[in-house]
>>> print(open('target12.csv').read())   # CSV, C-alpha atoms and all ligand atoms
chain,number,residue,atom,x,y,z
E,1218,MET,CA,20.1,35.2,22.5
E,1219,ASP,CA,20.3,33.3,19.2
E,1220,CYS,CA,19.4,30.2,21.1
E,1221,LEU,CA,16.4,31.8,22.6
E,1222,ALA,CA,15.3,33.1,19.2
E,1223,ALA,CA,15.7,29.6,17.7
E,1224,ALA,CA,13.8,28.1,20.5
E,1225,LEU,CA,11.0,30.6,20.0
E,1226,ARG,CA,10.9,29.9,16.3
E,1227,ALA,CA,10.8,26.2,16.9
E,1228,MET,CA,7.9,26.7,19.4
E,1229,THR,CA,6.0,28.9,17.0
E,1230,GLY,CA,6.5,26.1,14.4
E,1231,VAL,CA,5.1,23.6,16.8
E,1232,LEU,CA,2.1,25.9,17.6
E,1233,MET,CA,1.5,26.5,13.9
E,1234,THR,CA,1.3,22.8,13.1
E,1235,HIS,CA,-1.0,22.2,16.0
E,1236,THR,CA,-3.5,25.1,15.2
E,1237,SER,CA,-3.5,24.8,11.5
E,1238,ALA,CA,-5.6,21.8,10.1
E,1239,ASN,CA,-4.7,19.7,7.1
E,1240,PHE,CA,-7.1,20.8,4.4
E,1241,TYR,CA,-7.3,17.2,3.2
E,1242,ASP,CA,-8.7,16.0,6.5
E,1243,LEU,CA,-11.9,17.9,5.9
E,1244,THR,CA,-15.0,16.9,4.0
E,1245,ARG,CA,-16.7,19.6,1.9
E,1246,PRO,CA,-19.5,20.1,4.5
E,1247,GLU,CA,-16.9,20.5,7.2
E,1248,LEU,CA,-15.0,23.1,5.2
E,1249,LEU,CA,-18.1,25.1,4.5
E,1250,ALA,CA,-19.0,25.0,8.2
E,1251,ARG,CA,-15.5,26.3,9.1
E,1252,ALA,CA,-16.0,29.2,6.6
E,1253,THR,CA,-19.3,30.0,8.3
E,1254,GLY,CA,-17.6,29.9,11.7
E,1255,TRP,CA,-15.0,32.4,10.5
E,1256,GLY,CA,-17.8,34.7,9.4
E,1257,PHE,CA,-17.5,34.1,5.6
E,1258,SER,CA,-19.9,32.9,2.9
E,1259,THR,CA,-19.8,29.2,2.1
E,1260,VAL,CA,-19.4,30.3,-1.6
E,1261,HIS,CA,-15.7,31.1,-0.9
E,1262,ALA,CA,-15.2,27.8,0.8
E,1263,ALA,CA,-16.8,26.0,-2.1
E,1264,ARG,CA,-14.4,27.9,-4.4
E,1265,LEU,CA,-11.4,26.9,-2.2
E,1266,TRP,CA,-12.5,23.2,-2.4
E,1267,ALA,CA,-12.7,23.5,-6.2
E,1268,TYR,CA,-9.2,25.0,-6.4
E,1269,ALA,CA,-7.8,22.1,-4.5
E,1270,TYR,CA,-9.7,19.2,-5.9
E,1271,LEU,CA,-10.6,20.3,-9.5
E,1272,SER,CA,-7.7,22.7,-10.4
E,1273,ARG,CA,-5.2,20.9,-8.1
E,1274,ILE,CA,-4.0,24.4,-6.9
E,1275,GLU,CA,-2.5,24.5,-3.4
E,1276,ASP,CA,-0.7,27.9,-3.7
E,1277,TRP,CA,-2.8,30.5,-1.9
E,1278,ALA,CA,-1.3,33.2,-4.1
E,1279,LEU,CA,-2.8,31.6,-7.2
E,1280,MET,CA,-6.3,31.5,-5.7
E,1281,THR,CA,-7.1,34.9,-7.1
E,1282,GLU,CA,-10.9,34.4,-7.2
E,1283,LEU,CA,-10.9,34.3,-3.4
E,1284,PRO,CA,-11.3,37.6,-1.5
E,1285,ALA,CA,-8.0,38.6,0.1
E,1286,ARG,CA,-9.5,38.6,3.7
E,1287,PHE,CA,-11.0,35.1,3.3
E,1288,ARG,CA,-7.7,33.8,1.8
E,1289,ALA,CA,-5.7,35.3,4.7
E,1290,LYS,CA,-8.0,33.7,7.2
E,1291,ALA,CA,-8.0,30.3,5.5
E,1292,GLU,CA,-4.2,30.4,5.1
E,1293,SER,CA,-3.9,31.0,8.9
E,1294,GLU,CA,-6.2,28.1,9.7
E,1295,LEU,CA,-5.4,25.5,7.0
E,1296,HIS,CA,-2.4,24.0,5.3
E,1297,PHE,CA,-2.1,21.6,2.4
E,1298,ALA,CA,-0.1,18.7,3.6
E,1299,ARG,CA,1.6,16.4,1.1
E,1300,LEU,CA,3.1,13.0,1.6
E,1301,PRO,CA,6.6,13.2,0.1
E,1302,VAL,CA,7.8,10.1,-1.9
E,1303,ALA,CA,10.7,8.5,-0.1
E,1304,LEU,CA,11.0,5.8,-2.7
E,1305,GLU,CA,9.4,4.6,-5.9
E,1306,LEU,CA,9.7,1.2,-7.4
E,1307,GLN,CA,8.6,-0.2,-10.7
E,1308,SER,CA,7.9,-3.9,-11.2
E,1309,ARG,CA,9.5,-5.7,-14.0
E,1310,ASP,CA,5.9,-6.6,-15.2
E,1311,GLY,CA,5.7,-2.9,-16.2
E,1312,PHE,CA,2.2,-2.7,-14.7
E,1313,THR,CA,2.8,-2.1,-11.0
E,1314,HIS,CA,4.4,0.8,-9.2
E,1315,LYS,CA,4.9,1.1,-5.5
E,1316,TYR,CA,5.4,4.3,-3.6
E,1317,LEU,CA,6.8,4.6,-0.2
E,1318,LEU,CA,5.3,7.8,1.2
E,1319,SER,CA,6.5,9.7,4.3
E,1320,LEU,CA,4.1,10.9,6.9
E,1321,PRO,CA,4.7,14.2,8.9
E,1322,ASP,CA,5.9,12.2,11.9
E,1323,HIS,CA,8.3,10.3,9.7
E,1324,GLN,CA,6.3,7.0,9.7
E,1325,ARG,CA,6.0,5.5,6.3
E,1326,ILE,CA,3.3,3.9,4.3
E,1327,GLU,CA,3.0,2.2,1.0
E,1328,THR,CA,0.6,2.9,-1.9
E,1329,VAL,CA,0.5,0.8,-5.0
E,1330,LEU,CA,-0.6,1.7,-8.6
E,1331,MET,CA,-1.8,-1.2,-10.6
E,1332,ARG,CA,-2.8,-1.5,-14.2
E,1333,TYR,CA,-5.0,-4.5,-15.1
E,1334,THR,CA,-6.5,-4.8,-18.5
E,1335,GLY,CA,-7.7,-1.3,-19.4
E,1336,ARG,CA,-8.1,0.1,-15.9
E,1337,VAL,CA,-6.0,1.8,-13.2
E,1338,THR,CA,-6.4,0.9,-9.6
E,1339,ALA,CA,-4.8,2.5,-6.5
E,1340,CYS,CA,-4.2,0.2,-3.5
E,1341,ILE,CA,-4.0,2.4,-0.5
E,1342,SER,CA,-3.2,2.0,3.2
E,1343,SER,CA,-5.4,2.8,6.2
E,1344,GLN,CA,-2.9,2.4,8.9
E,1345,ALA,CA,0.9,2.4,9.4
E,1346,GLY,CA,1.4,-1.2,10.3
E,1347,CYS,CA,-1.5,-3.4,11.5
E,1348,ALA,CA,-2.6,-4.8,14.9
E,1349,MET,CA,-4.3,-7.9,13.5
E,1350,GLY,CA,-1.3,-10.1,13.2
E,1351,CYS,CA,-2.3,-12.4,10.4
E,1352,VAL,CA,0.6,-14.9,10.2
E,1353,PHE,CA,1.4,-14.7,6.5
E,1354,CYS,CA,1.1,-10.9,6.1
E,1355,ALA,CA,4.2,-8.6,6.1
E,1356,THR,CA,2.1,-5.7,7.5
E,1357,GLY,CA,0.9,-7.9,10.3
E,1358,GLN,CA,4.4,-9.0,11.0
E,1359,MET,CA,5.6,-5.4,11.5
E,1360,GLY,CA,2.9,-4.7,14.2
E,1361,PHE,CA,0.8,-1.6,14.7
E,1362,LEU,CA,2.3,1.9,14.5
E,1363,ARG,CA,-0.7,4.2,14.2
E,1364,HIS,CA,-3.9,5.0,12.5
E,1365,LEU,CA,-3.9,7.3,9.4
E,1366,THR,CA,-5.9,10.5,9.3
E,1367,PRO,CA,-8.6,11.0,6.6
E,1368,GLY,CA,-6.2,13.3,4.8
E,1369,GLU,CA,-3.4,10.8,4.8
E,1370,ILE,CA,-5.7,8.3,3.1
E,1371,VAL,CA,-7.0,10.9,0.6
E,1372,LEU,CA,-3.4,12.1,-0.2
E,1373,GLN,CA,-2.5,8.6,-1.3
E,1374,ALA,CA,-5.2,8.7,-3.9
E,1375,LEU,CA,-4.1,12.2,-4.9
E,1376,HIS,CA,-0.6,11.0,-5.3
E,1377,VAL,CA,-1.6,8.3,-7.7
E,1378,ASP,CA,-3.8,10.8,-9.5
E,1379,ALA,CA,-0.9,13.2,-9.8
E,1380,VAL,CA,1.3,10.4,-11.2
E,1381,LEU,CA,-1.3,9.6,-13.8
E,1382,ARG,CA,-1.6,13.3,-14.7
E,1383,GLY,CA,2.2,13.4,-15.2
E,1384,THR,CA,2.9,15.6,-12.2
E,1385,PRO,CA,4.5,13.2,-9.7
E,1386,THR,CA,5.3,14.7,-6.3
E,1387,GLY,CA,9.1,14.6,-6.1
E,1388,ALA,CA,9.7,10.9,-6.6
E,1389,VAL,CA,13.2,9.4,-5.9
E,1390,LEU,CA,13.6,6.6,-8.4
E,1391,ALA,CA,15.4,3.5,-7.1
E,1392,GLU,CA,16.4,2.3,-10.6
E,1393,PRO,CA,16.3,3.8,-14.1
E,1394,GLN,CA,12.7,3.7,-15.4
E,1395,SER,CA,12.1,2.1,-18.7
E,1396,ARG,CA,8.4,3.0,-18.9
E,1397,SER,CA,6.8,6.1,-17.6
E,1398,PRO,CA,3.9,5.4,-15.2
E,1399,HIS,CA,2.1,8.3,-16.9
E,1400,SER,CA,-0.3,7.9,-19.9
E,1401,ARG,CA,-2.5,10.7,-21.2
E,1402,HIS,CA,-5.5,8.4,-21.3
E,1403,GLU,CA,-5.5,7.2,-17.8
E,1404,ARG,CA,-7.5,8.4,-14.8
E,1405,LEU,CA,-7.8,7.1,-11.3
E,1406,ARG,CA,-11.2,5.3,-11.3
E,1407,ASN,CA,-10.8,2.4,-9.0
E,1408,LEU,CA,-9.5,2.3,-5.4
E,1409,VAL,CA,-9.0,-0.6,-3.1
E,1410,LEU,CA,-8.4,-0.3,0.6
E,1411,MET,CA,-6.2,-3.3,0.6
E,1412,GLY,CA,-2.8,-1.8,1.5
E,1413,MET,CA,-1.3,-1.6,4.9
E,1414,GLY,CA,-3.6,-1.9,7.9
E,1415,GLU,CA,-7.1,-2.9,8.8
E,1416,PRO,CA,-9.6,-0.3,7.5
E,1417,LEU,CA,-12.4,-1.2,10.0
E,1418,HIS,CA,-10.0,-0.8,12.9
E,1419,ASN,CA,-9.7,2.9,11.8
E,1420,TYR,CA,-13.4,3.2,10.9
E,1421,ASP,CA,-14.1,6.9,11.3
E,1422,ALA,CA,-11.1,8.2,9.4
E,1423,VAL,CA,-11.6,5.7,6.6
E,1424,MET,CA,-15.3,6.6,6.2
E,1425,THR,CA,-14.4,10.3,6.2
E,1426,ALA,CA,-11.8,9.7,3.6
E,1427,ILE,CA,-14.3,7.8,1.5
E,1428,ASP,CA,-16.8,10.7,1.8
E,1429,ILE,CA,-14.0,13.1,0.5
E,1430,LEU,CA,-13.0,10.8,-2.3
E,1431,ARG,CA,-16.6,10.3,-3.5
E,1432,ASP,CA,-17.6,14.0,-3.2
E,1433,PRO,CA,-19.2,14.7,-6.6
E,1434,THR,CA,-17.7,18.2,-6.6
E,1435,GLY,CA,-14.2,16.9,-6.0
E,1436,LEU,CA,-12.5,13.7,-7.0
E,1437,ALA,CA,-15.9,12.1,-7.6
E,1438,LEU,CA,-14.9,8.5,-7.4
E,1439,GLY,CA,-17.9,6.4,-8.3
E,1440,ALA,CA,-19.8,4.7,-5.5
E,1441,LYS,CA,-19.0,1.2,-6.8
E,1442,LYS,CA,-15.4,2.0,-7.6
E,1443,ILE,CA,-14.1,1.6,-4.0
E,1444,THR,CA,-13.6,-1.8,-2.4
E,1445,LEU,CA,-12.8,-2.1,1.2
E,1446,SER,CA,-11.2,-5.3,2.5
E,1447,THR,CA,-11.5,-6.3,6.1
E,1448,VAL,CA,-10.0,-9.1,8.1
E,1449,GLY,CA,-13.5,-9.6,9.6
E,1450,VAL,CA,-14.1,-6.9,12.2
E,1451,VAL,CA,-17.7,-7.8,12.9
E,1452,PRO,CA,-18.9,-4.6,14.6
E,1453,GLY,CA,-17.5,-2.6,11.6
E,1454,ILE,CA,-19.3,-4.8,9.1
E,1455,ILE,CA,-22.6,-4.3,10.9
E,1456,ARG,CA,-22.0,-0.6,11.1
E,1457,MET,CA,-21.2,-0.4,7.4
E,1458,ALA,CA,-24.4,-2.2,6.6
E,1459,ASP,CA,-26.5,0.1,9.0
E,1460,GLU,CA,-24.9,3.2,7.5
E,1461,ALA,CA,-25.4,1.9,4.0
E,1462,ARG,CA,-21.9,2.8,3.0
E,1463,PRO,CA,-21.7,2.8,-0.8
E,1464,VAL,CA,-18.6,0.8,-1.3
E,1465,TYR,CA,-17.9,-2.9,-2.1
E,1466,LEU,CA,-17.0,-5.1,0.8
E,1467,ALA,CA,-14.3,-7.8,0.7
E,1468,VAL,CA,-13.9,-10.2,3.6
E,1469,SER,CA,-10.7,-12.1,4.2
E,1470,LEU,CA,-11.7,-15.7,5.0
E,1471,HIS,CA,-8.7,-18.0,4.5
E,1472,GLY,CA,-10.2,-20.8,6.6
E,1473,ALA,CA,-13.7,-22.3,6.4
E,1474,THR,CA,-13.7,-23.8,9.9
E,1475,GLN,CA,-13.1,-21.8,13.1
E,1476,GLU,CA,-10.0,-23.8,13.9
E,1477,GLU,CA,-8.4,-23.5,10.4
E,1478,ARG,CA,-9.2,-19.8,10.2
E,1479,ALA,CA,-7.9,-18.9,13.7
E,1480,ALA,CA,-4.6,-20.6,13.0
E,1481,LEU,CA,-4.0,-18.0,10.2
E,1482,VAL,CA,-6.0,-15.0,11.4
E,1483,PRO,CA,-5.7,-14.5,15.1
E,1484,VAL,CA,-8.6,-12.1,15.4
E,1485,ALA,CA,-10.9,-15.0,14.6
E,1486,LYS,CA,-10.7,-15.7,18.3
E,1487,LYS,CA,-12.3,-12.4,19.0
E,1488,TRP,CA,-14.8,-12.5,16.2
E,1489,PRO,CA,-15.5,-16.2,15.6
E,1490,LEU,CA,-16.4,-17.5,12.1
E,1491,GLU,CA,-20.1,-18.0,13.1
E,1492,GLU,CA,-20.4,-14.4,14.2
E,1493,LEU,CA,-18.6,-13.2,11.0
E,1494,MET,CA,-21.0,-15.2,8.8
E,1495,ASP,CA,-24.0,-13.7,10.6
E,1496,ALA,CA,-22.6,-10.2,10.0
E,1497,CYS,CA,-21.9,-11.0,6.4
E,1498,ARG,CA,-25.4,-12.3,5.8
E,1499,TYR,CA,-26.8,-9.2,7.5
E,1500,TYR,CA,-24.6,-7.0,5.3
E,1501,ILE,CA,-25.8,-8.7,2.1
E,1502,ALA,CA,-29.4,-8.4,3.1
E,1503,LYS,CA,-29.2,-4.7,4.0
E,1504,GLN,CA,-26.9,-3.7,1.1
E,1505,GLN,CA,-28.5,-6.0,-1.5
E,1506,HIS,CA,-25.0,-6.7,-2.8
E,1507,ARG,CA,-22.7,-9.6,-2.8
E,1508,ILE,CA,-19.5,-9.9,-0.7
E,1509,PHE,CA,-16.1,-10.7,-2.1
E,1510,TYR,CA,-14.4,-13.3,0.0
E,1511,GLU,CA,-10.6,-13.4,-0.1
E,1512,TRP,CA,-8.8,-16.7,0.3
E,1513,THR,CA,-5.0,-16.8,0.3
E,1514,LEU,CA,-4.1,-20.2,-1.1
E,1515,ILE,CA,-1.3,-21.8,0.9
E,1516,GLU,CA,0.1,-25.1,-0.4
E,1517,GLY,CA,-0.8,-28.0,1.9
E,1518,LYS,CA,-2.6,-25.7,4.4
E,1519,ASN,CA,-5.9,-24.6,3.0
E,1520,ASP,CA,-5.8,-25.5,-0.7
E,1521,SER,CA,-7.2,-29.1,-0.7
E,1522,PRO,CA,-10.4,-30.1,-2.4
E,1523,GLU,CA,-11.8,-30.8,1.2
E,1524,SER,CA,-11.0,-27.1,2.1
E,1525,ALA,CA,-12.8,-26.0,-1.1
E,1526,HIS,CA,-15.9,-28.2,-0.1
E,1527,ALA,CA,-15.8,-26.6,3.3
E,1528,VAL,CA,-15.9,-23.1,1.7
E,1529,GLY,CA,-18.7,-24.3,-0.5
E,1530,ARG,CA,-20.8,-25.5,2.4
E,1531,LEU,CA,-20.1,-22.3,4.4
E,1532,LEU,CA,-21.0,-19.9,1.6
E,1533,ARG,CA,-23.6,-21.9,-0.3
E,1534,GLY,CA,-26.7,-19.8,-1.0
E,1535,GLN,CA,-25.0,-16.5,-0.2
E,1536,GLN,CA,-24.5,-13.7,-2.8
E,1537,ALA,CA,-20.7,-14.2,-2.8
E,1538,GLN,CA,-17.7,-14.3,-5.0
E,1539,VAL,CA,-14.4,-15.9,-3.9
E,1540,ASN,CA,-11.1,-14.2,-4.8
E,1541,LEU,CA,-8.3,-16.7,-4.5
E,1542,ILE,CA,-4.8,-15.2,-3.9
E,1543,PRO,CA,-1.8,-17.6,-4.2
E,1544,LEU,CA,0.4,-16.8,-1.2
E,1545,ASN,CA,2.9,-14.0,-1.8
E,1546,PRO,CA,6.3,-14.5,0.0
E,1547,THR,CA,7.0,-12.6,3.2
E,1548,ALA,CA,10.0,-12.8,5.5
E,1549,GLY,CA,8.1,-14.0,8.5
E,1550,TYR,CA,6.2,-16.9,7.0
E,1551,ALA,CA,7.6,-20.0,5.4
E,1552,GLY,CA,4.5,-21.3,3.4
E,1553,ALA,CA,4.5,-21.7,-0.4
E,1554,PRO,CA,1.8,-20.6,-2.8
E,1555,THR,CA,-0.6,-23.1,-4.3
E,1556,GLY,CA,0.2,-24.0,-7.9
E,1557,ARG,CA,-2.0,-23.3,-10.9
E,1558,GLU,CA,-3.5,-26.7,-11.2
E,1559,SER,CA,-4.5,-27.0,-7.6
E,1560,ALA,CA,-6.0,-23.5,-7.8
E,1561,ARG,CA,-8.0,-24.6,-10.8
E,1562,ARG,CA,-9.3,-27.7,-8.9
E,1563,PHE,CA,-10.3,-25.5,-6.0
E,1564,GLN,CA,-12.3,-23.3,-8.3
E,1565,GLN,CA,-14.0,-26.3,-9.8
E,1566,VAL,CA,-15.2,-27.4,-6.4
E,1567,LEU,CA,-16.5,-23.9,-5.6
E,1568,ALA,CA,-18.4,-23.9,-8.9
E,1569,GLU,CA,-20.2,-27.1,-7.8
E,1570,TYR,CA,-21.7,-25.0,-5.0
E,1571,GLY,CA,-22.7,-22.2,-7.4
E,1572,LEU,CA,-19.9,-19.9,-6.2
E,1573,PRO,CA,-18.1,-17.8,-8.8
E,1574,SER,CA,-14.4,-17.3,-8.2
E,1575,THR,CA,-11.3,-15.7,-9.6
E,1576,VAL,CA,-7.6,-16.3,-9.1
E,1577,ARG,CA,-5.8,-13.0,-8.6
E,1578,GLN,CA,-3.0,-12.2,-11.0
E,1579,ARG,CA,0.3,-12.2,-9.3
E,1580,ARG,CA,1.8,-8.8,-10.0
E,1581,GLY,CA,4.5,-6.7,-8.4
E,1582,ILE,CA,6.0,-9.5,-6.4
E,1583,ASP,CA,9.6,-8.5,-7.4
E,1584,ILE,CA,9.1,-5.2,-5.7
E,1585,ALA,CA,7.0,-6.7,-2.8
E,1586,ALA,CA,3.9,-4.8,-3.9
E,1587,GLY,CA,1.6,-7.9,-3.9
E,1588,CYS,CA,-1.2,-8.6,-1.4
E,1589,GLY,CA,0.2,-8.8,2.1
E,1590,GLN,CA,3.8,-7.8,1.2
E,1591,LEU,CA,3.5,-4.2,2.2
E,1592,ALA,CA,5.8,-3.3,5.1
E,1593,THR,CA,8.2,-0.6,6.1
E,1594,ALA,CA,11.1,-0.7,8.4
E,1595,ARG,CA,10.6,1.2,11.6
T,1601,LIG,N1,-6.5,-5.7,6.4
T,1601,LIG,C1,-7.3,-6.0,5.3
T,1601,LIG,C2,-6.8,-5.5,4.0
T,1601,LIG,C3,-5.3,-5.6,3.7
T,1601,LIG,S1,-4.7,-7.1,3.3
T,1601,LIG,C4,-7.6,-7.5,5.2
T,1601,LIG,O1,-6.8,-8.3,5.9
T,1601,LIG,O2,-8.5,-7.9,4.5
T,1601,LIG,C5,-5.4,-7.5,1.7
T,1601,LIG,C6,-5.5,-9.0,1.4
T,1601,LIG,O3,-4.2,-9.6,1.2
T,1601,LIG,C7,-6.2,-9.7,2.5
T,1601,LIG,O4,-7.2,-10.6,2.0
T,1601,LIG,C8,-5.1,-10.5,3.2
T,1601,LIG,O5,-5.5,-11.6,3.9
T,1601,LIG,C9,-4.2,-10.8,1.9
T,1601,LIG,N2,-2.9,-11.2,2.3
T,1601,LIG,C10,-2.1,-10.9,3.3
T,1601,LIG,N3,-0.9,-11.4,3.3
T,1601,LIG,C11,-0.8,-12.1,2.1
T,1601,LIG,C12,0.2,-12.9,1.5
T,1601,LIG,N4,1.4,-13.0,2.0
T,1601,LIG,N5,-0.1,-13.4,0.3
T,1601,LIG,C13,-1.3,-13.3,-0.3
T,1601,LIG,N6,-2.3,-12.6,0.3
T,1601,LIG,C14,-2.1,-12.0,1.5
T,1602,LIG,FE1,-3.6,-6.6,8.9
T,1602,LIG,FE2,-4.9,-7.4,6.7
T,1602,LIG,FE3,-2.3,-8.0,7.1
T,1602,LIG,FE4,-4.2,-9.2,8.5
T,1602,LIG,S1,-3.9,-9.4,6.3
T,1602,LIG,S2,-2.2,-8.3,9.3
T,1602,LIG,S3,-5.6,-7.5,8.8
T,1602,LIG,S4,-3.2,-6.0,6.8
>>> encode(input="target12.csv", output="structure tokens")
Amino acid sequence: MDCLAAALRAMTGVLMTHTSANFYDLTRPELLARATGWGFSTVHAARLWAYAYLSRIEDWALMTELPARFRAKAESELHFARLPVALELQSRDGFTHKYLLSLPDHQRIETVLMRYTGRVTACISSQAGCAMGCVFCATGQMGFLRHLTPGEIVLQALHVDAVLRGTPTGAVLAEPQSRSPHSRHERLRNLVLMGMGEPLHNYDAVMTAIDILRDPTGLALGAKKITLSTVGVVPGIIRMADEARPVYLAVSLHGATQEERAALVPVAKKWPLEELMDACRYYIAKQQHRIFYEWTLIEGKNDSPESAHAVGRLLRGQQAQVNLIPLNPTAGYAGAPTGRESARRFQQVLAEYGLPSTVRQRRGIDIAAGCGQLATAR
């Protein structure tokens, strides 16, 4: 009998999780439409939205301004998922924190909080693992596990926001912390989709999450405060241009000839360099904004002055900026990062073609929080 009761309870639990939606998966218009569908005024749904995103209240009992009937209905239909922190690591540089967050199905993803001169940036993941297989990337080396839902993307930003507000969500610290990640003056303003996964391979969920993060009555992240980085998924770039998505676009280039690029980025075989460049020019023309090209500098591979000239010829005349990233170490790739002097020479050549460039600061390498180092054990 006890067994039967336990089985029923377990089944009810399963049913509950299937019928109840994660509040954070919904855009504000979707939430209002749900309320209408339940026979309630959208005013109550708007209040519920403000409770969650402005007051950060998730406890139904504290939502006293909502009529009891609406609250009961909403509680039966929605739940506030959270992504518990399995591990938190702080870099010796004192500027970088990495959070390993658990998903409801026990997959794990990584989110990084970075502080560069005067601003705070969250680097968030769009997938658990990645299907694109770039040879030097730890996420690519682990393979694809699954897409994230919009809510799982939004919740990463909410986690960083909670940390900055001094209300971290149950962190387990790996080592004693010398500096608190919290400062009263900081707010999450910048977000980069450069964590685990390929955002344009999970297009719909990523765009829904961006809509939620930008909603002016919620987190209200500025239009030009979100940067999405893609390996070069051509149909996604064209769709972003057609839909006039108000985010910055970064494109991972790494090779300036089809052959050089395909050796590092296998999906170049599916979307060849020429097609990618056509899509980028189309994007720039439609969006009237430059593209950031990312170039991982690997010693002796793609860091010679000849490679830099090839980049110059490829991008000459485009509204573009090149962000150079000296290779970060990963277990599955033996290459070495380009040194400071060669990186500077690379930049000089780019400048001859009128191309501005930056060399990304190496941060968080000791906790594997640098570009391409994010990976979780299965
Ligand atoms: N999937 C997207 C975004 C995540 S990766 C993309 O590929 O663009 C973010 C950036 O880190 C990309 O430019 C990627 O090529 C780069 N990267 C990956 N592995 C790296 C490594 N080991 N060292 C330096 N940069 C790396
Ligand atoms: Fe995926 Fe980007 Fe890593 Fe390539 S670099 S494997 S696209 S996460």
>>> atom_distance(input="target12.csv", atom1="CA of Thr1555 (chain E)", atom2="atom C13 of ligand LIG 1601 (chain T)")
10.6 Å
>>> closest_atom_pairs(input="target12.csv", of="chain E", to="ligand LIG 1602 (chain T)", cutoff="8 Å", atoms="only C-alpha atoms and all ligand atoms", output="CSV")
residue,atom,partner,partner_atom,distance
E:Gly1346,CA,T:LIG1602,FE1,7.5
E:Cys1347,CA,T:LIG1602,FE1,4.6
E:Ala1348,CA,T:LIG1602,FE1,6.3
E:Met1349,CA,T:LIG1602,S2,4.7
E:Gly1350,CA,T:LIG1602,S2,4.4
E:Cys1351,CA,T:LIG1602,FE4,4.2
E:Val1352,CA,T:LIG1602,S2,7.2
E:Phe1353,CA,T:LIG1602,S1,7.5
E:Cys1354,CA,T:LIG1602,FE3,4.6
E:Ala1355,CA,T:LIG1602,FE3,6.6
E:Thr1356,CA,T:LIG1602,FE3,5.0
E:Gly1357,CA,T:LIG1602,S2,3.3
E:Gln1358,CA,T:LIG1602,S2,6.9
E:Gly1360,CA,T:LIG1602,S2,7.9
E:Met1411,CA,T:LIG1602,S4,7.4
E:Gly1412,CA,T:LIG1602,S4,6.8
E:Met1413,CA,T:LIG1602,S4,5.2
E:Gly1414,CA,T:LIG1602,S4,4.3
E:Glu1415,CA,T:LIG1602,S3,4.8
E:Ser1446,CA,T:LIG1602,FE2,7.9
E:Thr1447,CA,T:LIG1602,S3,6.6
E:Val1448,CA,T:LIG1602,S3,4.7
E:Ser1469,CA,T:LIG1602,S1,7.6
E:Val1482,CA,T:LIG1602,FE4,6.7
E:Gly1589,CA,T:LIG1602,FE3,5.6
>>> atom_distance(input="target12.csv", atom1="CA of Leu1317 (chain E)", atom2="CA of Glu1305 (chain E)")
6.3 Å
>>> closest_residue(input="target12.csv", among="E:Leu1375, E:Ala1267, E:Ala1422, E:Val1409", to="ligand LIG 1601 (chain T)", atoms="only C-alpha atoms and all ligand atoms")
E:Val1409
>>> residues_around(input="target12.csv", residues="Ile1429 (chain E)", least_positions_apart="3", cutoff="10 Å", atoms="only C-alpha atoms", output="list of chain:residue names")
E:Tyr1241, E:Asp1242, E:Leu1243, E:Thr1244, E:Arg1245, E:Pro1246, E:Tyr1270, E:Pro1367, E:Gly1368, E:Ile1370, E:Val1371, E:Val1423, E:Met1424, E:Thr1425, E:Ala1426, E:Asp1432, E:Pro1433, E:Thr1434, E:Gly1435, E:Leu1436, E:Ala1437, E:Leu1438
>>> write_last_selection(input="target12.csv", atoms="C-alpha atoms", output="PDB file, keeping the file's coordinate frame")
ATOM      1  CA  TYR E1241      -7.300  17.200   3.200  1.00  0.00           C
ATOM      2  CA  ASP E1242      -8.700  16.000   6.500  1.00  0.00           C
ATOM      3  CA  LEU E1243     -11.900  17.900   5.900  1.00  0.00           C
ATOM      4  CA  THR E1244     -15.000  16.900   4.000  1.00  0.00           C
ATOM      5  CA  ARG E1245     -16.700  19.600   1.900  1.00  0.00           C
ATOM      6  CA  PRO E1246     -19.500  20.100   4.500  1.00  0.00           C
ATOM      7  CA  TYR E1270      -9.700  19.200  -5.900  1.00  0.00           C
ATOM      8  CA  PRO E1367      -8.600  11.000   6.600  1.00  0.00           C
ATOM      9  CA  GLY E1368      -6.200  13.300   4.800  1.00  0.00           C
ATOM     10  CA  ILE E1370      -5.700   8.300   3.100  1.00  0.00           C
ATOM     11  CA  VAL E1371      -7.000  10.900   0.600  1.00  0.00           C
ATOM     12  CA  VAL E1423     -11.600   5.700   6.600  1.00  0.00           C
ATOM     13  CA  MET E1424     -15.300   6.600   6.200  1.00  0.00           C
ATOM     14  CA  THR E1425     -14.400  10.300   6.200  1.00  0.00           C
ATOM     15  CA  ALA E1426     -11.800   9.700   3.600  1.00  0.00           C
ATOM     16  CA  ASP E1432     -17.600  14.000  -3.200  1.00  0.00           C
ATOM     17  CA  PRO E1433     -19.200  14.700  -6.600  1.00  0.00           C
ATOM     18  CA  THR E1434     -17.700  18.200  -6.600  1.00  0.00           C
ATOM     19  CA  GLY E1435     -14.200  16.900  -6.000  1.00  0.00           C
ATOM     20  CA  LEU E1436     -12.500  13.700  -7.000  1.00  0.00           C
ATOM     21  CA  ALA E1437     -15.900  12.100  -7.600  1.00  0.00           C
ATOM     22  CA  LEU E1438     -14.900   8.500  -7.400  1.00  0.00           C
TER      23      LEU E1438
END
>>> atom_distance(input="target12.csv", atom1="atom C4 of ligand LIG 1601 (chain T)", atom2="CA of Gln1590 (chain E)")
12.1 Å
